Amino acid sequence: MKVRTRFAPSPTGNLHIGSIRTALYSWLFARHHNGKFILRIEDTDLSRSESISINSIVNGLKWLGLDWDEGPYFQTQRLHRYKEVINIMLEKGDAYICVCSCEKLEEVRLKQIEKGYKPRYPGTCRNLKIINMLNQNYVIRFKNPLSGKVVFQDKIRGEISFDNSELDDLIIQRSNGMPTYNFCVVVDDLDMKITHVIRGEDHINNTPRQINILKSLDFKIPIYAHLSMILDEEGHKISKRKNAINILEYCKNGFLPEALLNYIIRLGWSCGDKEIFNISEMKELFNLKSIGKSSSTVNIKKLLWMNKYYINNLPLNYIANLLKNYMKKQNINIKNGPDLESLVKLFRSRYHTLKEITESCRYFYEEFNFFNKTAVEQYFTIQNCCILEECYERMKKLFIWDNFNISIIINDISQHIKITKKEINMILRVSITGNIHSPSISSVIDLIGKDKTLLRIKKAINYIKNL
Ligand code: GLU
């Protein structure tokens, strides 16, 4: 059997961590088995579907490298097919026309609730032969079996069973002619030859209805795996409409796809104590057996840790290239500063995201207009102005501009003037970066280059003199 999985989001909101986990597990399962991964957009709910969400889905998957072999299929482009299947079902007597008015159904529903019953369609039109529907509002319902059970083996939860008596006759075509979600899913899974349905646990209740429709169409039932919930840091279920963060926001905030995928795979799946998985390991090791049943909680600290790990462990040129693209988006002209590989080498152990790196190294590429206020109070004294002048003179004469020679100058001055190296480093740091934090200042000075260094020391001297 050739494995075929699908990711079938409804475009009613942004792609978030929970939906990406569903996509990732389905993708990995297909890749692990050399199967096919299909992307399907379930957009039959016209009032809630938005093209902006479709973009978020497609771009989010592309950014993460979750490539699909077929699709994206759009359900709204398959309406003729749903119609065809509905006609077959009507003919076979597995579906029927229902002309019950909303008011009537509401009345029944309230009565059922009043009597303590679970509200369900009472089956009024189930056995009527309605032929003339002209000028009538009608829906089409599936004739669900009245007795027996629907039993399926969920790959994560084991056996799940529902009594048919609990399921009512589901609407498969609305009064506006649009087929409904549960029906389209079945036809699509059937046409797309889906072998494994991996999706959120919120669909468990839909599964027996879908299985019954599949059975009526004589289709082999796929294998189901329903994933447990993901909760946000406050313990709330992640919901598209409330607290979901668009996956592309992580890209904007300087997270790496490798880190995000590694973080997400561990939200519910494990392989011993192993935490770090590159993509090939994920494909090799992923299985449905090791997915846990309990819900998982998002932990941003862990994600940051993971991102830092990848920033520090992926090849330098790869990170430099990601940083280049990131900085371009922030309108930083990278031609105005040092080459990015050297910069990454100097900065990567200090930061968690490309955003943090970018924000802390702007001074390499752009002039800054302000010095940190407390640093000015502490370090920009007349006495220190002489030290800067000394640095300026010595550095101006420096022939071989490198970390080693710059450190020697700082050392010499420290010995001559009897001031600690640490102090000189800070005075230079504030002058050259405008701030009190940076990697080793001699490395920064080395990278920033002679012209810019001298210019900035001069700028600081003038600033102090004007105080
Ligand atoms: N369209 C459904 C959703 O976005 C998923 C349906 C399915 O996977 O069967 O929740």
# chains A, B, ... in the order shown; residues from 1 in each chain; ligands from 1

$ residues_near_ligand --ligand "ligand 1" --cutoff "8 Å" --atoms "only C-alpha atoms and all ligand atoms" --output "list in words"
Arg6, Phe7, Ala8, Pro9, Ser10, Pro11, Thr12, Ser19, Ile41, Glu42, Tyr181, Asn182, Val185, Val197, Ile198, Arg199, Gly200, Asp202 and His203 of chain A

$ select_by_dssp --residues "segment 228-466 of chain A" --states "helix (DSSP H, G or I)" --output "PyMOL selection string"
chain A and resi 247-252+257-265+279-285+300-313+316-329+334-336+340-350+354-360+362-364+373-379+382-396+403-417+421-433+441-448+450-466

$ closest_residue --among "A:Asp94, A:Glu234, A:Glu166, A:Glu114" --to "Asn205 of chain A" --atoms "only C-alpha atoms"
A:Glu166

$ residues_around --residues "segment 429-431 of chain A" --least-positions-apart "5" --cutoff "9 Å" --atoms "only C-alpha atoms" --output "number ranges by chain"
A: 371-372, 375-376, 379-380, 388, 424, 436-438, 440-441, 444-445, 453, 456-461

$ write_last_selection --atoms "N, CA and C atoms" --output "PDB file, in the first residue's frame"
ATOM      1  N   PHE A 371      23.929  58.197  22.090  1.00  0.00           N
ATOM      2  CA  PHE A 371      24.678  57.291  22.970  1.00  0.00           C
ATOM      3  C   PHE A 371      23.761  56.935  24.131  1.00  0.00           C
ATOM      4  N   ASN A 372      23.917  55.728  24.638  1.00  0.00           N
ATOM      5  CA  ASN A 372      23.142  55.303  25.801  1.00  0.00           C
ATOM      6  C   ASN A 372      23.353  56.314  26.948  1.00  0.00           C
ATOM      7  N   ALA A 375      25.327  55.338  30.057  1.00  0.00           N
ATOM      8  CA  ALA A 375      26.728  55.109  29.682  1.00  0.00           C
ATOM      9  C   ALA A 375      27.456  56.445  29.542  1.00  0.00           C
ATOM     10  N   VAL A 376      26.744  57.419  28.974  1.00  0.00           N
ATOM     11  CA  VAL A 376      27.356  58.747  28.817  1.00  0.00           C
ATOM     12  C   VAL A 376      27.732  59.288  30.195  1.00  0.00           C
ATOM     13  N   TYR A 379      30.734  57.094  31.521  1.00  0.00           N
ATOM     14  CA  TYR A 379      32.024  56.951  30.825  1.00  0.00           C
ATOM     15  C   TYR A 379      32.495  58.179  30.056  1.00  0.00           C
ATOM     16  N   PHE A 380      31.591  59.083  29.698  1.00  0.00           N
ATOM     17  CA  PHE A 380      32.022  60.221  28.882  1.00  0.00           C
ATOM     18  C   PHE A 380      32.478  61.383  29.780  1.00  0.00           C
ATOM     19  N   LEU A 388      40.399  58.423  24.978  1.00  0.00           N
ATOM     20  CA  LEU A 388      39.923  58.254  23.602  1.00  0.00           C
ATOM     21  C   LEU A 388      40.893  58.881  22.611  1.00  0.00           C
ATOM     22  N   ILE A 424      38.805  50.813  29.739  1.00  0.00           N
ATOM     23  CA  ILE A 424      39.053  51.302  28.363  1.00  0.00           C
ATOM     24  C   ILE A 424      38.093  50.637  27.387  1.00  0.00           C
ATOM     25  N   ILE A 436      26.250  49.825  25.881  1.00  0.00           N
ATOM     26  CA  ILE A 436      27.151  49.199  26.855  1.00  0.00           C
ATOM     27  C   ILE A 436      27.325  47.698  26.649  1.00  0.00           C
ATOM     28  N   HIS A 437      26.584  47.145  25.671  1.00  0.00           N
ATOM     29  CA  HIS A 437      26.724  45.701  25.438  1.00  0.00           C
ATOM     30  C   HIS A 437      27.235  45.452  24.030  1.00  0.00           C
ATOM     31  N   SER A 438      28.209  44.613  23.940  1.00  0.00           N
ATOM     32  CA  SER A 438      28.673  44.155  22.622  1.00  0.00           C
ATOM     33  C   SER A 438      29.607  42.986  22.867  1.00  0.00           C
ATOM     34  N   SER A 440      33.319  41.118  22.437  1.00  0.00           N
ATOM     35  CA  SER A 440      34.654  41.673  22.743  1.00  0.00           C
ATOM     36  C   SER A 440      34.928  42.890  21.865  1.00  0.00           C
ATOM     37  N   ILE A 441      35.280  44.006  22.507  1.00  0.00           N
ATOM     38  CA  ILE A 441      35.344  45.264  21.742  1.00  0.00           C
ATOM     39  C   ILE A 441      36.474  45.250  20.710  1.00  0.00           C
ATOM     40  N   VAL A 444      35.022  43.717  17.750  1.00  0.00           N
ATOM     41  CA  VAL A 444      34.086  44.636  17.092  1.00  0.00           C
ATOM     42  C   VAL A 444      34.877  45.673  16.294  1.00  0.00           C
ATOM     43  N   ILE A 445      35.914  46.218  16.929  1.00  0.00           N
ATOM     44  CA  ILE A 445      36.718  47.250  16.261  1.00  0.00           C
ATOM     45  C   ILE A 445      37.384  46.665  15.007  1.00  0.00           C
ATOM     46  N   THR A 453      36.000  53.225  12.773  1.00  0.00           N
ATOM     47  CA  THR A 453      36.417  53.293  14.172  1.00  0.00           C
ATOM     48  C   THR A 453      36.950  54.689  14.493  1.00  0.00           C
ATOM     49  N   ARG A 456      34.229  57.269  14.611  1.00  0.00           N
ATOM     50  CA  ARG A 456      33.339  57.201  15.793  1.00  0.00           C
ATOM     51  C   ARG A 456      34.060  57.668  17.051  1.00  0.00           C
ATOM     52  N   ILE A 457      35.360  57.349  17.124  1.00  0.00           N
ATOM     53  CA  ILE A 457      36.103  57.837  18.317  1.00  0.00           C
ATOM     54  C   ILE A 457      36.117  59.375  18.274  1.00  0.00           C
ATOM     55  N   LYS A 458      36.345  59.903  17.087  1.00  0.00           N
ATOM     56  CA  LYS A 458      36.342  61.370  16.933  1.00  0.00           C
ATOM     57  C   LYS A 458      34.980  61.927  17.350  1.00  0.00           C
ATOM     58  N   LYS A 459      33.933  61.275  16.872  1.00  0.00           N
ATOM     59  CA  LYS A 459      32.566  61.741  17.181  1.00  0.00           C
ATOM     60  C   LYS A 459      32.357  61.758  18.702  1.00  0.00           C
ATOM     61  N   ALA A 460      32.844  60.716  19.385  1.00  0.00           N
ATOM     62  CA  ALA A 460      32.675  60.629  20.842  1.00  0.00           C
ATOM     63  C   ALA A 460      33.491  61.733  21.530  1.00  0.00           C
ATOM     64  N   ILE A 461      34.718  61.974  21.031  1.00  0.00           N
ATOM     65  CA  ILE A 461      35.562  63.025  21.636  1.00  0.00           C
ATOM     66  C   ILE A 461      34.833  64.372  21.526  1.00  0.00           C
TER      67      ILE A 461
END

$ atom_distance --atom1 "atom CA of Met282 of chain A" --atom2 "atom CA of Leu28 of chain A"
7.1 Å

$ residues_around --residues "Phe277 of chain A" --least-positions-apart "2" --cutoff "12 Å" --atoms "only C-alpha atoms" --output "MDAnalysis selection string"
chainID A and resid 258:266 269:275 279:286 306 309:310

$ write_last_selection --atoms "N, CA, C and O atoms" --output "short mmCIF file (atom, residue, chain, number, x, y, z; two decimals), in the first residue's frame"
data_model
loop_
_atom_site.label_atom_id
_atom_site.label_comp_id
_atom_site.auth_asym_id
_atom_site.auth_seq_id
_atom_site.Cartn_x
_atom_site.Cartn_y
_atom_site.Cartn_z
N GLU A 258 14.12 25.31 10.78
CA GLU A 258 14.66 24.07 11.38
C GLU A 258 14.30 24.02 12.86
O GLU A 258 13.94 22.96 13.39
N ALA A 259 14.45 25.16 13.53
CA ALA A 259 14.19 25.20 14.97
C ALA A 259 12.70 25.03 15.26
O ALA A 259 12.30 24.28 16.16
N LEU A 260 11.90 25.71 14.45
CA LEU A 260 10.46 25.64 14.69
C LEU A 260 9.95 24.21 14.46
O LEU A 260 9.18 23.67 15.28
N LEU A 261 10.41 23.57 13.40
CA LEU A 261 9.97 22.20 13.12
C LEU A 261 10.42 21.25 14.23
O LEU A 261 9.67 20.41 14.70
N ASN A 262 11.67 21.44 14.65
CA ASN A 262 12.19 20.58 15.72
C ASN A 262 11.40 20.79 17.01
O ASN A 262 11.03 19.84 17.70
N TYR A 263 11.07 22.05 17.25
CA TYR A 263 10.29 22.35 18.45
C TYR A 263 8.90 21.72 18.34
O TYR A 263 8.40 21.07 19.27
N ILE A 264 8.29 21.86 17.17
CA ILE A 264 6.92 21.40 16.99
C ILE A 264 6.83 19.86 17.01
O ILE A 264 5.89 19.30 17.57
N ILE A 265 7.83 19.20 16.42
CA ILE A 265 7.73 17.72 16.40
C ILE A 265 7.68 17.18 17.83
O ILE A 265 7.04 16.18 18.12
N ARG A 266 8.34 17.89 18.75
CA ARG A 266 8.38 17.40 20.13
C ARG A 266 7.11 17.75 20.92
O ARG A 266 6.99 17.36 22.07
N TRP A 269 5.30 14.21 20.37
CA TRP A 269 5.96 13.01 19.83
C TRP A 269 7.34 12.91 20.47
O TRP A 269 8.00 13.95 20.69
N SER A 270 7.79 11.71 20.77
CA SER A 270 9.12 11.60 21.38
C SER A 270 9.86 10.40 20.83
O SER A 270 9.26 9.47 20.27
N CYS A 271 11.16 10.43 21.04
CA CYS A 271 12.01 9.32 20.61
C CYS A 271 13.08 9.22 21.70
O CYS A 271 14.12 9.86 21.63
N GLY A 272 12.75 8.51 22.76
CA GLY A 272 13.64 8.46 23.92
C GLY A 272 13.82 9.86 24.49
O GLY A 272 12.87 10.63 24.53
N ASP A 273 15.08 10.16 24.85
CA ASP A 273 15.35 11.48 25.43
C ASP A 273 15.83 12.47 24.38
O ASP A 273 16.19 13.59 24.70
N LYS A 274 15.87 12.03 23.17
CA LYS A 274 16.44 12.87 22.12
C LYS A 274 15.61 14.15 21.93
O LYS A 274 14.39 14.08 21.86
N GLU A 275 16.31 15.29 21.87
CA GLU A 275 15.61 16.57 21.69
C GLU A 275 15.85 17.15 20.31
O GLU A 275 14.97 17.78 19.74
N ILE A 279 16.08 17.45 9.82
CA ILE A 279 14.95 17.00 8.99
C ILE A 279 15.11 15.53 8.58
O ILE A 279 14.13 14.77 8.63
N SER A 280 16.33 15.12 8.23
CA SER A 280 16.45 13.71 7.81
C SER A 280 16.18 12.77 8.97
O SER A 280 15.57 11.71 8.78
N GLU A 281 16.62 13.16 10.17
CA GLU A 281 16.32 12.30 11.33
C GLU A 281 14.82 12.24 11.58
O GLU A 281 14.27 11.19 11.92
N MET A 282 14.17 13.40 11.42
CA MET A 282 12.72 13.41 11.64
C MET A 282 12.05 12.42 10.68
O MET A 282 11.20 11.62 11.08
N LYS A 283 12.46 12.50 9.40
CA LYS A 283 11.84 11.62 8.40
C LYS A 283 12.13 10.16 8.72
O LYS A 283 11.29 9.29 8.56
N GLU A 284 13.33 9.91 9.19
CA GLU A 284 13.72 8.53 9.45
C GLU A 284 13.01 7.97 10.69
O GLU A 284 12.56 6.83 10.71
N LEU A 285 12.91 8.80 11.73
CA LEU A 285 12.45 8.25 13.01
C LEU A 285 10.96 8.39 13.29
O LEU A 285 10.42 7.72 14.16
N PHE A 286 10.30 9.28 12.54
CA PHE A 286 8.90 9.57 12.90
C PHE A 286 8.00 8.34 12.74
O PHE A 286 8.10 7.58 11.79
N MET A 306 15.87 26.39 21.47
CA MET A 306 16.05 25.58 20.26
C MET A 306 16.57 26.44 19.11
O MET A 306 17.44 26.04 18.35
N TYR A 309 20.10 27.18 19.56
CA TYR A 309 20.87 25.98 19.24
C TYR A 309 21.13 25.90 17.74
O TYR A 309 22.25 25.68 17.29
N TYR A 310 20.07 26.12 16.95
CA TYR A 310 20.25 26.00 15.50
C TYR A 310 21.08 27.15 14.94
O TYR A 310 21.89 26.93 14.03
#

$ atom_distance --atom1 "atom CA of Ser101 of chain A" --atom2 "atom CA of Gln77 of chain A"
29.3 Å

$ closest_residue --among "A:Gln112, A:Asp169, A:Phe29, A:Phe152" --to "Asn127 of chain A" --atoms "only C-alpha atoms"
A:Asp169

$ atom_distance --atom1 "atom CA of Ser228 of chain A" --atom2 "atom CA of Gly292 of chain A"
7.8 Å

$ select_by_dssp --residues "segment 30-201 of chain A" --states "strand (DSSP E or B)" --output "PyMOL selection string"
chain A and resi 36-41+70-74+95-98+139-142+149-154+158-163+171-173+179+196-200

$ closest_atom_pairs --of "segment 364-429 of chain A" --to "segment 330-340 of chain A" --cutoff "9 Å" --atoms "only C-alpha atoms" --output "JSON lines"
{"residue": "A:Phe364", "atom": "CA", "partner": "A:Gly337", "partner_atom": "CA", "distance": 5.4}
{"residue": "A:Tyr365", "atom": "CA", "partner": "A:Gly337", "partner_atom": "CA", "distance": 4.7}
{"residue": "A:Glu366", "atom": "CA", "partner": "A:Asn336", "partner_atom": "CA", "distance": 7.4}

$ write_last_selection --atoms "all heavy atoms" --output "mmCIF file, in the first residue's frame"
data_model
loop_
_atom_site.group_PDB
_atom_site.id
_atom_site.type_symbol
_atom_site.label_atom_id
_atom_site.label_comp_id
_atom_site.auth_asym_id
_atom_site.auth_seq_id
_atom_site.Cartn_x
_atom_site.Cartn_y
_atom_site.Cartn_z
ATOM 1 N N PHE A 364 27.017 48.390 12.938
ATOM 2 C CA PHE A 364 28.049 48.046 11.958
ATOM 3 C C PHE A 364 27.712 48.639 10.589
ATOM 4 O O PHE A 364 28.578 48.882 9.779
ATOM 5 C CB PHE A 364 28.151 46.526 11.782
ATOM 6 C CG PHE A 364 28.937 45.854 12.874
ATOM 7 C CD1 PHE A 364 28.292 45.336 13.983
ATOM 8 C CD2 PHE A 364 30.319 45.750 12.783
ATOM 9 C CE1 PHE A 364 29.013 44.713 14.987
ATOM 10 C CE2 PHE A 364 31.046 45.130 13.792
ATOM 11 C CZ PHE A 364 30.391 44.611 14.899
ATOM 12 N N TYR A 365 26.401 48.799 10.360
ATOM 13 C CA TYR A 365 25.943 49.160 9.026
ATOM 14 C C TYR A 365 25.382 50.579 8.938
ATOM 15 O O TYR A 365 25.281 51.137 7.858
ATOM 16 C CB TYR A 365 24.871 48.151 8.567
ATOM 17 C CG TYR A 365 25.427 46.758 8.553
ATOM 18 C CD1 TYR A 365 25.396 45.966 9.705
ATOM 19 C CD2 TYR A 365 26.065 46.262 7.430
ATOM 20 C CE1 TYR A 365 25.964 44.700 9.721
ATOM 21 C CE2 TYR A 365 26.644 44.998 7.444
ATOM 22 C CZ TYR A 365 26.593 44.225 8.587
ATOM 23 O OH TYR A 365 27.176 42.989 8.599
ATOM 24 N N GLU A 366 25.006 51.116 10.092
ATOM 25 C CA GLU A 366 24.364 52.436 10.080
ATOM 26 C C GLU A 366 24.978 53.295 11.163
ATOM 27 O O GLU A 366 25.380 52.769 12.207
ATOM 28 C CB GLU A 366 22.862 52.293 10.421
ATOM 29 C CG GLU A 366 22.075 51.607 9.346
ATOM 30 C CD GLU A 366 20.657 51.267 9.811
ATOM 31 O OE1 GLU A 366 20.308 51.538 10.984
ATOM 32 O OE2 GLU A 366 19.920 50.696 8.994
#

$ closest_residue --among "A:Phe183, A:Phe142, A:Tyr117, A:Trp68" --to "Arg81 of chain A" --atoms "only C-alpha atoms"
A:Phe183

$ residues_around --residues "Leu304 of chain A" --least-positions-apart "5" --cutoff "12 Å" --atoms "only C-alpha atoms" --output "ChimeraX atom specification"
/A:250,253-256,259-260,262-263,298-299,309-311,351-356

$ closest_residue --among "A:Leu24, A:Cys102, A:Val58, A:Ile419" --to "Asn384 of chain A" --atoms "only C-alpha atoms"
A:Ile419

$ closest_residue --among "A:Asp451, A:Ile406, A:Ile247, A:His32" --to "Leu288 of chain A" --atoms "only C-alpha atoms"
A:His32

$ closest_residue --among "A:Asn278, A:Thr297, A:Gly60, A:Ile417" --to "Lys252 of chain A" --atoms "only C-alpha atoms"
A:Gly60

$ decode --residues "segment 122-142 of chain A" --atoms "N, CA and C atoms" --output "mmCIF file, in the first residue's frame"
data_model
loop_
_atom_site.group_PDB
_atom_site.id
_atom_site.type_symbol
_atom_site.label_atom_id
_atom_site.label_comp_id
_atom_site.auth_asym_id
_atom_site.auth_seq_id
_atom_site.Cartn_x
_atom_site.Cartn_y
_atom_site.Cartn_z
ATOM 1 N N PRO A 122 -35.204 14.507 13.760
ATOM 2 C CA PRO A 122 -36.139 13.421 14.087
ATOM 3 C C PRO A 122 -36.425 12.458 12.932
ATOM 4 N N GLY A 123 -35.867 12.714 11.772
ATOM 5 C CA GLY A 123 -36.044 11.760 10.656
ATOM 6 C C GLY A 123 -37.349 11.949 9.898
ATOM 7 N N THR A 124 -37.981 13.128 10.051
ATOM 8 C CA THR A 124 -39.286 13.371 9.428
ATOM 9 C C THR A 124 -39.317 13.037 7.928
ATOM 10 N N CYS A 125 -38.302 13.461 7.192
ATOM 11 C CA CYS A 125 -38.337 13.289 5.726
ATOM 12 C C CYS A 125 -37.625 12.027 5.263
ATOM 13 N N ARG A 126 -37.095 11.279 6.217
ATOM 14 C CA ARG A 126 -36.250 10.122 5.875
ATOM 15 C C ARG A 126 -36.935 9.147 4.915
ATOM 16 N N ASN A 127 -38.195 8.903 5.131
ATOM 17 C CA ASN A 127 -38.855 7.914 4.292
ATOM 18 C C ASN A 127 -39.894 8.504 3.342
ATOM 19 N N LEU A 128 -39.866 9.841 3.205
ATOM 20 C CA LEU A 128 -40.811 10.458 2.262
ATOM 21 C C LEU A 128 -40.170 10.477 0.892
ATOM 22 N N LYS A 129 -40.936 10.276 -0.140
ATOM 23 C CA LYS A 129 -40.377 10.382 -1.498
ATOM 24 C C LYS A 129 -40.733 11.771 -2.002
ATOM 25 N N ILE A 130 -39.807 12.725 -1.829
ATOM 26 C CA ILE A 130 -40.113 14.090 -2.265
ATOM 27 C C ILE A 130 -39.577 14.274 -3.676
ATOM 28 N N ILE A 131 -40.459 14.500 -4.596
ATOM 29 C CA ILE A 131 -40.012 14.587 -5.982
ATOM 30 C C ILE A 131 -40.024 16.033 -6.461
ATOM 31 N N ASN A 132 -41.076 16.757 -6.117
ATOM 32 C CA ASN A 132 -41.171 18.126 -6.612
ATOM 33 C C ASN A 132 -40.616 19.099 -5.579
ATOM 34 N N MET A 133 -39.380 19.565 -5.833
ATOM 35 C CA MET A 133 -38.792 20.496 -4.874
ATOM 36 C C MET A 133 -38.866 21.929 -5.377
ATOM 37 N N LEU A 134 -39.526 22.129 -6.499
ATOM 38 C CA LEU A 134 -39.593 23.469 -7.076
ATOM 39 C C LEU A 134 -40.120 24.455 -6.029
ATOM 40 N N ASN A 135 -39.483 25.606 -5.993
ATOM 41 C CA ASN A 135 -39.876 26.666 -5.062
ATOM 42 C C ASN A 135 -39.829 26.267 -3.596
ATOM 43 N N GLN A 136 -39.161 25.198 -3.313
ATOM 44 C CA GLN A 136 -39.074 24.788 -1.899
ATOM 45 C C GLN A 136 -37.634 24.874 -1.425
ATOM 46 N N ASN A 137 -37.477 25.270 -0.210
ATOM 47 C CA ASN A 137 -36.144 25.220 0.382
ATOM 48 C C ASN A 137 -35.902 23.796 0.838
ATOM 49 N N TYR A 138 -34.786 23.245 0.472
ATOM 50 C CA TYR A 138 -34.528 21.886 0.940
ATOM 51 C C TYR A 138 -33.036 21.671 1.179
ATOM 52 N N VAL A 139 -32.745 20.679 1.976
ATOM 53 C CA VAL A 139 -31.356 20.262 2.158
ATOM 54 C C VAL A 139 -31.307 18.781 1.792
ATOM 55 N N ILE A 140 -30.098 18.247 1.657
ATOM 56 C CA ILE A 140 -29.996 16.808 1.434
ATOM 57 C C ILE A 140 -29.300 16.190 2.637
ATOM 58 N N ARG A 141 -29.873 15.117 3.131
ATOM 59 C CA ARG A 141 -29.323 14.463 4.315
ATOM 60 C C ARG A 141 -28.817 13.066 3.982
ATOM 61 N N PHE A 142 -27.831 12.666 4.756
ATOM 62 C CA PHE A 142 -27.319 11.296 4.630
ATOM 63 C C PHE A 142 -28.187 10.383 5.491
#
